[in-house]
file model.csv (CSV, C-alpha atoms)
chain,number,residue,atom,x,y,z
A,953,MET,CA,-29.0,21.1,71.2
A,954,THR,CA,-32.4,22.6,70.3
A,955,ARG,CA,-31.3,23.0,66.6
A,956,SER,CA,-30.2,19.4,66.4
A,957,ILE,CA,-33.6,18.1,67.7
A,958,VAL,CA,-35.4,20.3,65.1
A,959,LYS,CA,-33.2,19.1,62.3
A,960,GLY,CA,-33.7,15.5,63.3
A,961,SER,CA,-37.5,15.8,63.5
A,962,ALA,CA,-38.0,16.7,59.8
A,963,PRO,CA,-37.1,13.3,58.4
A,964,ILE,CA,-39.2,11.6,61.1
A,965,ALA,CA,-42.2,13.8,60.1
A,966,VAL,CA,-41.7,12.9,56.5
A,967,VAL,CA,-41.5,9.2,57.4
A,968,LEU,CA,-44.7,9.5,59.5
A,969,VAL,CA,-46.5,11.2,56.6
A,970,MET,CA,-45.4,8.5,54.1
A,971,VAL,CA,-46.4,5.7,56.5
A,972,GLY,CA,-49.8,7.4,56.9
A,973,VAL,CA,-50.3,7.8,53.2
A,974,ALA,CA,-49.3,4.1,52.6
A,975,ALA,CA,-51.7,3.0,55.3
A,976,LEU,CA,-54.5,5.1,53.8
A,977,ALA,CA,-53.8,3.7,50.4
A,978,GLN,CA,-53.6,0.1,51.5
A,979,ASN,CA,-56.9,0.5,53.5
A,980,ALA,CA,-58.5,1.9,50.3
A,981,LEU,CA,-57.6,-1.2,48.4
A,982,THR,CA,-58.8,-3.5,51.2
A,983,GLN,CA,-62.2,-1.7,51.4
A,984,LEU,CA,-62.6,-2.0,47.6
A,985,GLY,CA,-61.8,-5.7,47.7
A,986,LEU,CA,-58.7,-5.2,45.6
A,987,THR,CA,-55.4,-7.0,46.1
A,988,GLU,CA,-52.2,-5.1,45.5
A,989,ALA,CA,-51.5,-7.4,42.5
A,990,ALA,CA,-54.9,-6.9,41.0
A,991,ALA,CA,-54.7,-3.1,41.4
A,992,ARG,CA,-51.3,-3.0,39.8
A,993,ALA,CA,-52.5,-5.1,36.9
A,994,LEU,CA,-55.4,-2.8,36.4
A,995,LEU,CA,-53.3,0.3,36.5
A,996,LEU,CA,-50.7,-1.1,34.0
A,997,GLY,CA,-53.6,-2.2,31.8
A,998,GLU,CA,-55.0,1.4,31.9
A,999,ILE,CA,-51.6,2.7,30.8
A,1000,GLN,CA,-51.3,0.1,28.1
A,1001,SER,CA,-54.8,0.8,26.7
A,1002,GLY,CA,-53.7,4.3,25.6
A,1003,GLY,CA,-57.0,5.8,26.7
A,1004,GLY,CA,-58.2,6.8,23.2
A,1005,VAL,CA,-61.0,9.2,22.8
A,1006,GLY,CA,-64.3,7.6,23.7
A,1007,ALA,CA,-62.5,4.5,25.1
A,1008,ALA,CA,-63.9,3.1,28.3
A,1009,SER,CA,-61.6,1.9,31.1
A,1010,LYS,CA,-61.3,-1.6,32.6
A,1011,LEU,CA,-59.8,0.1,35.7
A,1012,ALA,CA,-62.9,2.4,36.0
A,1013,ASP,CA,-65.2,-0.6,35.4
A,1014,ALA,CA,-63.5,-2.6,38.1
A,1015,GLY,CA,-63.6,0.5,40.4
A,1016,ARG,CA,-67.3,1.1,39.8
A,1017,ALA,CA,-68.1,-2.5,40.8
A,1018,ALA,CA,-65.8,-2.3,43.8
A,1019,TYR,CA,-67.4,0.9,45.0
A,1020,ARG,CA,-70.7,-0.9,45.5
A,1021,ARG,CA,-69.3,-2.5,48.6
A,1022,VAL,CA,-68.5,0.9,50.2
A,1023,PRO,CA,-71.2,3.1,51.7
A,1024,GLU,CA,-71.5,6.4,49.8
A,1025,ALA,CA,-70.5,8.5,52.9
A,1026,ALA,CA,-67.2,6.6,53.1
A,1027,ARG,CA,-66.3,6.8,49.5
A,1028,GLY,CA,-64.5,10.1,49.8
A,1029,PRO,CA,-61.7,8.9,52.1
A,1030,VAL,CA,-61.5,5.6,50.1
A,1031,THR,CA,-61.0,7.6,46.9
A,1032,THR,CA,-58.3,9.8,48.4
A,1033,GLY,CA,-56.5,6.7,49.5
A,1034,LEU,CA,-56.9,5.0,46.1
A,1035,PHE,CA,-55.5,8.1,44.3
A,1036,ALA,CA,-52.6,8.1,46.8
A,1037,TRP,CA,-51.8,4.5,45.9
A,1038,ALA,CA,-52.3,5.1,42.2
A,1039,LYS,CA,-49.9,8.0,42.2
A,1040,ALA,CA,-47.3,6.2,44.2
A,1041,TYR,CA,-47.4,3.1,42.0
A,1042,ALA,CA,-47.6,5.1,38.7
A,1043,ASN,CA,-44.4,6.9,39.6
A,1044,SER,CA,-42.6,3.8,40.9
A,1045,PRO,CA,-39.5,2.3,39.3
A,1046,ALA,CA,-41.6,-0.7,38.2
A,1047,VAL,CA,-43.9,1.3,36.1
A,1048,GLU,CA,-41.1,3.5,34.7
A,1049,ALA,CA,-39.3,0.3,33.7
A,1050,ALA,CA,-42.3,-1.3,32.1
A,1051,TYR,CA,-43.6,1.7,30.2
A,1052,PRO,CA,-41.0,1.7,27.4
A,1053,ARG,CA,-41.9,-1.9,26.5
A,1054,LEU,CA,-45.7,-1.1,26.7
A,1055,ARG,CA,-45.1,1.9,24.4
A,1056,THR,CA,-43.0,-0.1,21.9
A,1057,ASP,CA,-45.6,-2.9,21.8
A,1058,ALA,CA,-48.3,-0.4,20.9
A,1059,MET,CA,-46.3,1.2,18.1
A,1060,PRO,CA,-47.9,0.9,14.7
A,1061,GLU,CA,-46.2,-1.1,12.0
A,1062,ARG,CA,-44.9,0.4,8.8
A,1063,THR,CA,-47.0,-1.4,6.2
A,1064,HIS,CA,-45.9,0.3,2.9
A,1065,ASP,CA,-43.5,-1.5,0.6
A,1066,ALA,CA,-39.9,-0.4,1.2
A,1067,ARG,CA,-39.2,-0.8,-2.6
A,1068,THR,CA,-39.1,2.3,-4.8
A,1069,ILE,CA,-41.9,2.7,-7.4
A,1070,ASP,CA,-39.4,1.7,-10.2
A,1071,GLU,CA,-38.4,-1.4,-8.2
A,1072,GLU,CA,-42.1,-2.3,-7.6
A,1073,MET,CA,-42.9,-1.9,-11.3
A,1074,ARG,CA,-40.0,-4.1,-12.3
A,1075,LYS,CA,-41.1,-6.8,-9.9
A,1076,GLN,CA,-44.7,-6.7,-11.2
A,1077,LEU,CA,-43.4,-7.1,-14.7
A,1078,ASP,CA,-41.1,-9.9,-13.8
A,1079,ASP,CA,-43.9,-11.7,-11.9
A,1080,MET,CA,-46.2,-11.4,-15.0
A,1081,VAL,CA,-43.4,-12.8,-17.3
A,1082,ALA,CA,-42.7,-15.6,-14.8
A,1083,ALA,CA,-46.4,-16.4,-14.7
A,1084,GLN,CA,-46.3,-17.0,-18.4
A,1085,GLU,CA,-43.6,-19.7,-18.2
A,1086,PRO,CA,-45.9,-22.7,-17.6
A,1087,ALA,CA,-48.0,-21.7,-20.6
A,1088,LYS,CA,-44.9,-21.3,-22.7
A,1089,ARG,CA,-43.7,-24.8,-21.7
A,1090,MET,CA,-47.2,-26.2,-22.4
A,1091,ALA,CA,-47.0,-24.6,-25.9
A,1092,ALA,CA,-44.2,-27.0,-26.9
A,1093,SER,CA,-46.7,-30.0,-26.7
A,1094,LEU,CA,-49.3,-28.3,-28.9
A,1095,PRO,CA,-49.8,-28.6,-32.6
A,1096,ALA,CA,-47.8,-26.0,-34.5
A,1097,ALA,CA,-50.8,-23.7,-35.3
A,1098,ASP,CA,-52.1,-23.8,-31.7
A,1099,ARG,CA,-48.5,-23.3,-30.4
A,1100,GLU,CA,-48.0,-20.2,-32.5
A,1101,LYS,CA,-51.4,-18.8,-31.5
A,1102,LEU,CA,-50.7,-19.2,-27.8
A,1103,LEU,CA,-47.2,-17.8,-28.0
A,1104,ALA,CA,-48.4,-14.8,-30.0
A,1105,SER,CA,-51.1,-14.2,-27.3
A,1106,LEU,CA,-48.5,-14.3,-24.6
A,1107,LYS,CA,-46.2,-12.0,-26.5
A,1108,SER,CA,-49.1,-9.6,-27.0
A,1109,GLN,CA,-49.8,-9.6,-23.2
A,1110,GLU,CA,-46.2,-8.9,-22.4
A,1111,ASP,CA,-45.9,-6.1,-25.0
A,1112,MET,CA,-49.0,-4.5,-23.6
A,1113,MET,CA,-47.6,-4.6,-20.0
A,1114,ARG,CA,-44.4,-3.0,-21.3
A,1115,SER,CA,-46.2,-0.3,-23.3
A,1116,PRO,CA,-45.8,3.3,-22.1
A,1117,ALA,CA,-49.5,3.7,-21.6
A,1118,VAL,CA,-49.8,0.8,-19.2
A,1119,GLN,CA,-46.5,1.6,-17.5
A,1120,ASN,CA,-47.7,5.2,-16.9
A,1121,ALA,CA,-51.0,4.1,-15.6
A,1122,GLN,CA,-49.4,1.5,-13.3
A,1123,ARG,CA,-47.0,4.1,-12.0
A,1124,ALA,CA,-49.8,6.5,-11.2
A,1125,SER,CA,-51.8,3.8,-9.4
A,1126,LEU,CA,-48.8,2.8,-7.3
A,1127,GLU,CA,-48.0,6.4,-6.4
A,1128,ALA,CA,-51.6,7.1,-5.4
A,1129,THR,CA,-51.6,3.9,-3.3
A,1130,ARG,CA,-48.3,4.8,-1.6
A,1131,ALA,CA,-49.6,8.3,-0.8
A,1132,GLN,CA,-52.8,6.9,0.8
A,1133,GLU,CA,-50.7,4.4,2.8
A,1134,LYS,CA,-48.4,7.2,4.0
A,1135,VAL,CA,-51.3,9.4,5.2
A,1136,LYS,CA,-52.8,6.4,7.1
A,1137,GLU,CA,-49.4,5.6,8.7
A,1138,ASP,CA,-48.6,9.1,9.6
A,1139,ARG,CA,-52.0,9.4,11.3
A,1140,ALA,CA,-51.5,6.2,13.1
A,1141,PHE,CA,-48.1,7.4,14.5
A,1142,GLN,CA,-49.6,10.7,15.5
A,1143,VAL,CA,-52.3,8.9,17.5
A,1144,TRP,CA,-49.7,6.6,19.0
A,1145,GLU,CA,-47.5,9.6,20.0
A,1146,GLN,CA,-50.4,11.2,21.7
A,1147,GLN,CA,-51.6,8.1,23.5
A,1148,PHE,CA,-48.1,6.9,24.4
A,1149,PRO,CA,-45.8,9.9,24.7
A,1150,ALA,CA,-42.1,9.2,25.4
A,1151,ASP,CA,-42.4,11.1,28.8
A,1152,LEU,CA,-44.7,9.2,31.1
A,1153,GLN,CA,-45.5,12.4,33.0
A,1154,VAL,CA,-47.0,13.8,29.8
A,1155,LEU,CA,-49.3,10.8,29.7
A,1156,PHE,CA,-50.4,11.3,33.3
A,1157,THR,CA,-51.0,15.0,32.6
A,1158,ARG,CA,-53.3,14.3,29.6
A,1159,ARG,CA,-55.3,11.6,31.5
A,1160,LEU,CA,-55.8,13.8,34.6
A,1161,ARG,CA,-56.9,16.7,32.5
A,1162,GLU,CA,-59.3,14.5,30.5
A,1163,PHE,CA,-60.8,13.3,33.8
A,1164,LEU,CA,-61.2,16.8,35.2
A,1165,ALA,CA,-62.7,18.1,32.0
A,1166,ALA,CA,-65.2,15.2,31.7
A,1167,THR,CA,-66.4,15.3,35.4
A,1168,ALA,CA,-66.6,19.1,35.8
A,1169,ASP,CA,-70.4,19.2,35.4
A,1170,VAL,CA,-71.7,15.8,36.8
A,1171,ASP,CA,-75.4,16.2,37.7
A,1172,PHE,CA,-75.7,14.0,40.8
A,1173,GLU,CA,-79.4,14.9,41.0
A,1174,ALA,CA,-80.3,13.3,37.7
A,1175,ARG,CA,-82.6,10.3,37.6
A,1176,LYS,CA,-82.6,7.2,35.6
A,1177,GLN,CA,-85.4,4.9,34.5
A,1178,VAL,CA,-85.9,1.7,32.6
A,1179,ILE,CA,-86.6,2.3,28.9
A,1180,ARG,CA,-88.4,-0.4,27.0
A,1181,GLY,CA,-87.8,-0.6,23.2
A,1182,LEU,CA,-87.7,-3.1,20.4
A,1183,GLY,CA,-84.2,-4.1,21.4
A,1184,GLY,CA,-85.3,-4.9,25.0
A,1185,GLU,CA,-84.9,-2.9,28.2
A,1186,THR,CA,-82.2,-0.4,28.9
A,1187,VAL,CA,-81.6,2.1,31.7
A,1188,GLY,CA,-81.3,5.7,30.7
A,1189,PHE,CA,-81.5,9.2,32.2
A,1190,VAL,CA,-85.0,10.7,32.5
A,1191,GLN,CA,-84.0,14.4,32.2
A,1192,PRO,CA,-82.4,16.4,30.8
A,1193,PRO,CA,-81.7,14.8,27.3
A,1194,GLY,CA,-78.1,14.1,26.3
A,1195,TYR,CA,-76.9,12.7,29.6
A,1196,ASP,CA,-76.6,9.2,28.1
A,1197,GLU,CA,-74.1,10.6,25.6
A,1198,LYS,CA,-71.8,12.1,28.2
A,1199,PRO,CA,-68.2,10.8,28.4
A,1200,TRP,CA,-67.6,7.5,30.2
A,1201,GLN,CA,-65.8,9.3,32.9
A,1202,TRP,CA,-68.9,11.4,33.6
A,1203,GLN,CA,-71.0,8.2,33.6
A,1204,HIS,CA,-68.7,6.5,36.1
A,1205,ALA,CA,-68.6,9.5,38.3
A,1206,PHE,CA,-72.4,9.7,38.4
A,1207,VAL,CA,-72.5,6.0,39.5
A,1208,VAL,CA,-69.9,6.2,42.3
A,1209,GLY,CA,-71.5,9.5,43.6
A,1210,ARG,CA,-70.7,13.0,44.7
A,1211,GLU,CA,-68.4,12.1,47.7
A,1212,ALA,CA,-66.1,9.8,45.6
A,1213,THR,CA,-66.1,12.2,42.6
A,1214,THR,CA,-65.3,15.3,44.7
A,1215,ALA,CA,-62.4,13.4,46.4
A,1216,ALA,CA,-61.2,12.1,43.0
A,1217,ARG,CA,-61.2,15.6,41.5
A,1218,THR,CA,-59.4,17.1,44.4
A,1219,ALA,CA,-56.7,14.4,44.3
A,1220,ALA,CA,-56.4,14.7,40.5
A,1221,GLU,CA,-55.9,18.5,40.7
A,1222,ALA,CA,-53.2,18.0,43.4
A,1223,TRP,CA,-51.5,15.4,41.3
A,1224,LEU,CA,-51.6,17.6,38.3
A,1225,LYS,CA,-50.1,20.5,40.1
A,1226,GLU,CA,-47.2,18.4,41.2
A,1227,ILE,CA,-46.5,17.6,37.5
A,1228,VAL,CA,-47.3,21.0,36.1
A,1229,PRO,CA,-46.8,23.5,38.9
call {"tool": "encode", "arguments": {"input": "model.csv", "output": "structure tokens"}}
result
Amino acid sequence: MTRSIVKGSAPIAVVLVMVGVAALAQNALTQLGLTEAAARALLLGEIQSGGGVGAASKLADAGRAAYRRVPEAARGPVTTGLFAWAKAYANSPAVEAAYPRLRTDAMPERTHDARTIDEEMRKQLDDMVAAQEPAKRMAASLPAADREKLLASLKSQEDMMRSPAVQNAQRASLEATRAQEKVKEDRAFQVWEQQFPADLQVLFTRRLREFLAATADVDFEARKQVIRGLGGETVGFVQPPGYDEKPWQWQHAFVVGREATTAARTAAEAWLKEIVP
């Protein structure tokens, strides 16, 4: 009898924990003034953006604006709830189903010509010959001397295009262009594979690590001031120099404050451990 009660209590405890997490997450969205639909759209947009190096985040921009309505002392629990919601939605069937389409939409296009070099050279020669046809037809209406002169000029141009020197130079140019295009395409696909890995968990791992690395040394005691220059007024850090060049994650963390950043880092580390034990 006792054992049956203990066994039955485990699922109930799990349900209670899940309900508590869901309530915490929903409360976080409410306090930040975000609807469920708006939060989902922002998170999907964050995934779709790829998060390239140096790229800011619409999700972070919206979050920074939303945090202004929350007292700094309450930002820790709100952040914990927000991460709980983000993790649950990021791992939901809806996101897993949407990600392959987002990944495909972001795939670079193959821009180089599918024809071989020989095929491309034949096409260019054929195009040149075809471009002469109107002039050849016009030659028929010219006086004999002018007609022979025009036809001879056209023949000379064609002979030059067919000459080994021009053909070799044309081949070398096409090969160099193809090589440059391939390097650019290969690099574009490497960036795409990094930003949109086939495994969604690999993406989460990279983004969490980037966040933790960027926010490891946020100086919450730093001060900002208005800087007047030729381009107008801007707000920058007083001391020490270099803070204005910190990653955008660092800048956002400074704005939302120590409580929110500490909670975010704790939640990110826990999430990361679940992916990479």
call {"tool": "closest_atom_pairs", "arguments": {"input": "model.csv", "of": "region 1138-1183 of chain A", "to": "region 1193-1206 of chain A", "cutoff": "10 Å", "atoms": "all atoms listed in the file", "output": "JSON lines"}}
result
{"residue": "A:Glu1162", "atom": "CA", "partner": "A:Gln1201", "partner_atom": "CA", "distance": 8.7}
{"residue": "A:Phe1163", "atom": "CA", "partner": "A:Gln1201", "partner_atom": "CA", "distance": 6.5}
{"residue": "A:Leu1164", "atom": "CA", "partner": "A:Gln1201", "partner_atom": "CA", "distance": 9.1}
{"residue": "A:Ala1165", "atom": "CA", "partner": "A:Trp1202", "partner_atom": "CA", "distance": 9.3}
{"residue": "A:Ala1166", "atom": "CA", "partner": "A:Trp1202", "partner_atom": "CA", "distance": 5.6}
{"residue": "A:Thr1167", "atom": "CA", "partner": "A:Trp1202", "partner_atom": "CA", "distance": 5.0}
{"residue": "A:Ala1168", "atom": "CA", "partner": "A:Trp1202", "partner_atom": "CA", "distance": 8.3}
{"residue": "A:Asp1169", "atom": "CA", "partner": "A:Trp1202", "partner_atom": "CA", "distance": 8.1}
{"residue": "A:Val1170", "atom": "CA", "partner": "A:Trp1202", "partner_atom": "CA", "distance": 6.1}
{"residue": "A:Asp1171", "atom": "CA", "partner": "A:Phe1206", "partner_atom": "CA", "distance": 7.2}
{"residue": "A:Phe1172", "atom": "CA", "partner": "A:Phe1206", "partner_atom": "CA", "distance": 5.9}
{"residue": "A:Glu1173", "atom": "CA", "partner": "A:Phe1206", "partner_atom": "CA", "distance": 9.1}
{"residue": "A:Ala1174", "atom": "CA", "partner": "A:Phe1206", "partner_atom": "CA", "distance": 8.7}
{"residue": "A:Lys1176", "atom": "CA", "partner": "A:Asp1196", "partner_atom": "CA", "distance": 9.8}
call {"tool": "atom_distance", "arguments": {"input": "model.csv", "atom1": "CA of Leu1224 (chain A)", "atom2": "CA of Leu1155 (chain A)"}}
result
11.2 Å
call {"tool": "atom_distance", "arguments": {"input": "model.csv", "atom1": "CA of Gln1142 (chain A)", "atom2": "CA of Thr1056 (chain A)"}}
result
14.2 Å
call {"tool": "closest_residue", "arguments": {"input": "model.csv", "among": "A:Glu1133, A:Glu1071, A:Glu1110, A:Glu988", "to": "Trp1037 (chain A)", "atoms": "only C-alpha atoms"}}
result
A:Glu988
call {"tool": "closest_residue", "arguments": {"input": "model.csv", "among": "A:Ala1131, A:Ala1087, A:Leu1103, A:Val1143", "to": "Met1059 (chain A)", "atoms": "all atoms listed in the file"}}
result
A:Val1143
call {"tool": "atom_distance", "arguments": {"input": "model.csv", "atom1": "CA of Glu1211 (chain A)", "atom2": "CA of Leu981 (chain A)"}}
result
17.1 Å
call {"tool": "closest_residue", "arguments": {"input": "model.csv", "among": "A:Leu986, A:Val1190, A:Leu1160, A:Ala1097", "to": "Lys1225 (chain A)", "atoms": "all atoms listed in the file"}}
result
A:Leu1160
call {"tool": "residues_around", "arguments": {"input": "model.csv", "residues": "Pro1060 (chain A)", "least_positions_apart": "2", "cutoff": "10 Å", "atoms": "all atoms listed in the file", "output": "tab-separated table (two decimals) with C-alpha atoms, in the frame of the given file"}}
result
chain	number	residue	atom	x	y	z
A	1056	THR	CA	-43.00	-0.10	21.90
A	1057	ASP	CA	-45.60	-2.90	21.80
A	1058	ALA	CA	-48.30	-0.40	20.90
A	1062	ARG	CA	-44.90	0.40	8.80
A	1063	THR	CA	-47.00	-1.40	6.20
A	1137	GLU	CA	-49.40	5.60	8.70
A	1138	ASP	CA	-48.60	9.10	9.60
A	1140	ALA	CA	-51.50	6.20	13.10
A	1141	PHE	CA	-48.10	7.40	14.50
A	1142	GLN	CA	-49.60	10.70	15.50
A	1143	VAL	CA	-52.30	8.90	17.50
A	1144	TRP	CA	-49.70	6.60	19.00
call {"tool": "closest_residue", "arguments": {"input": "model.csv", "among": "A:Ala1096, A:Phe1148, A:Leu995, A:Asn1120", "to": "Ala1040 (chain A)", "atoms": "only C-alpha atoms"}}
result
A:Leu995
call {"tool": "closest_residue", "arguments": {"input": "model.csv", "among": "A:Glu1048, A:Val1135, A:Ser1093, A:Val1208", "to": "Asp1151 (chain A)", "atoms": "only C-alpha atoms"}}
result
A:Glu1048
call {"tool": "closest_residue", "arguments": {"input": "model.csv", "among": "A:Asn979, A:Gln1076, A:Gln1177, A:Ser1108", "to": "Thr1031 (chain A)", "atoms": "only C-alpha atoms"}}
result
A:Asn979
call {"tool": "residues_around", "arguments": {"input": "model.csv", "residues": "Met1113 (chain A)", "least_positions_apart": "3", "cutoff": "10 Å", "atoms": "all atoms listed in the file", "output": "count of residues only"}}
result
13
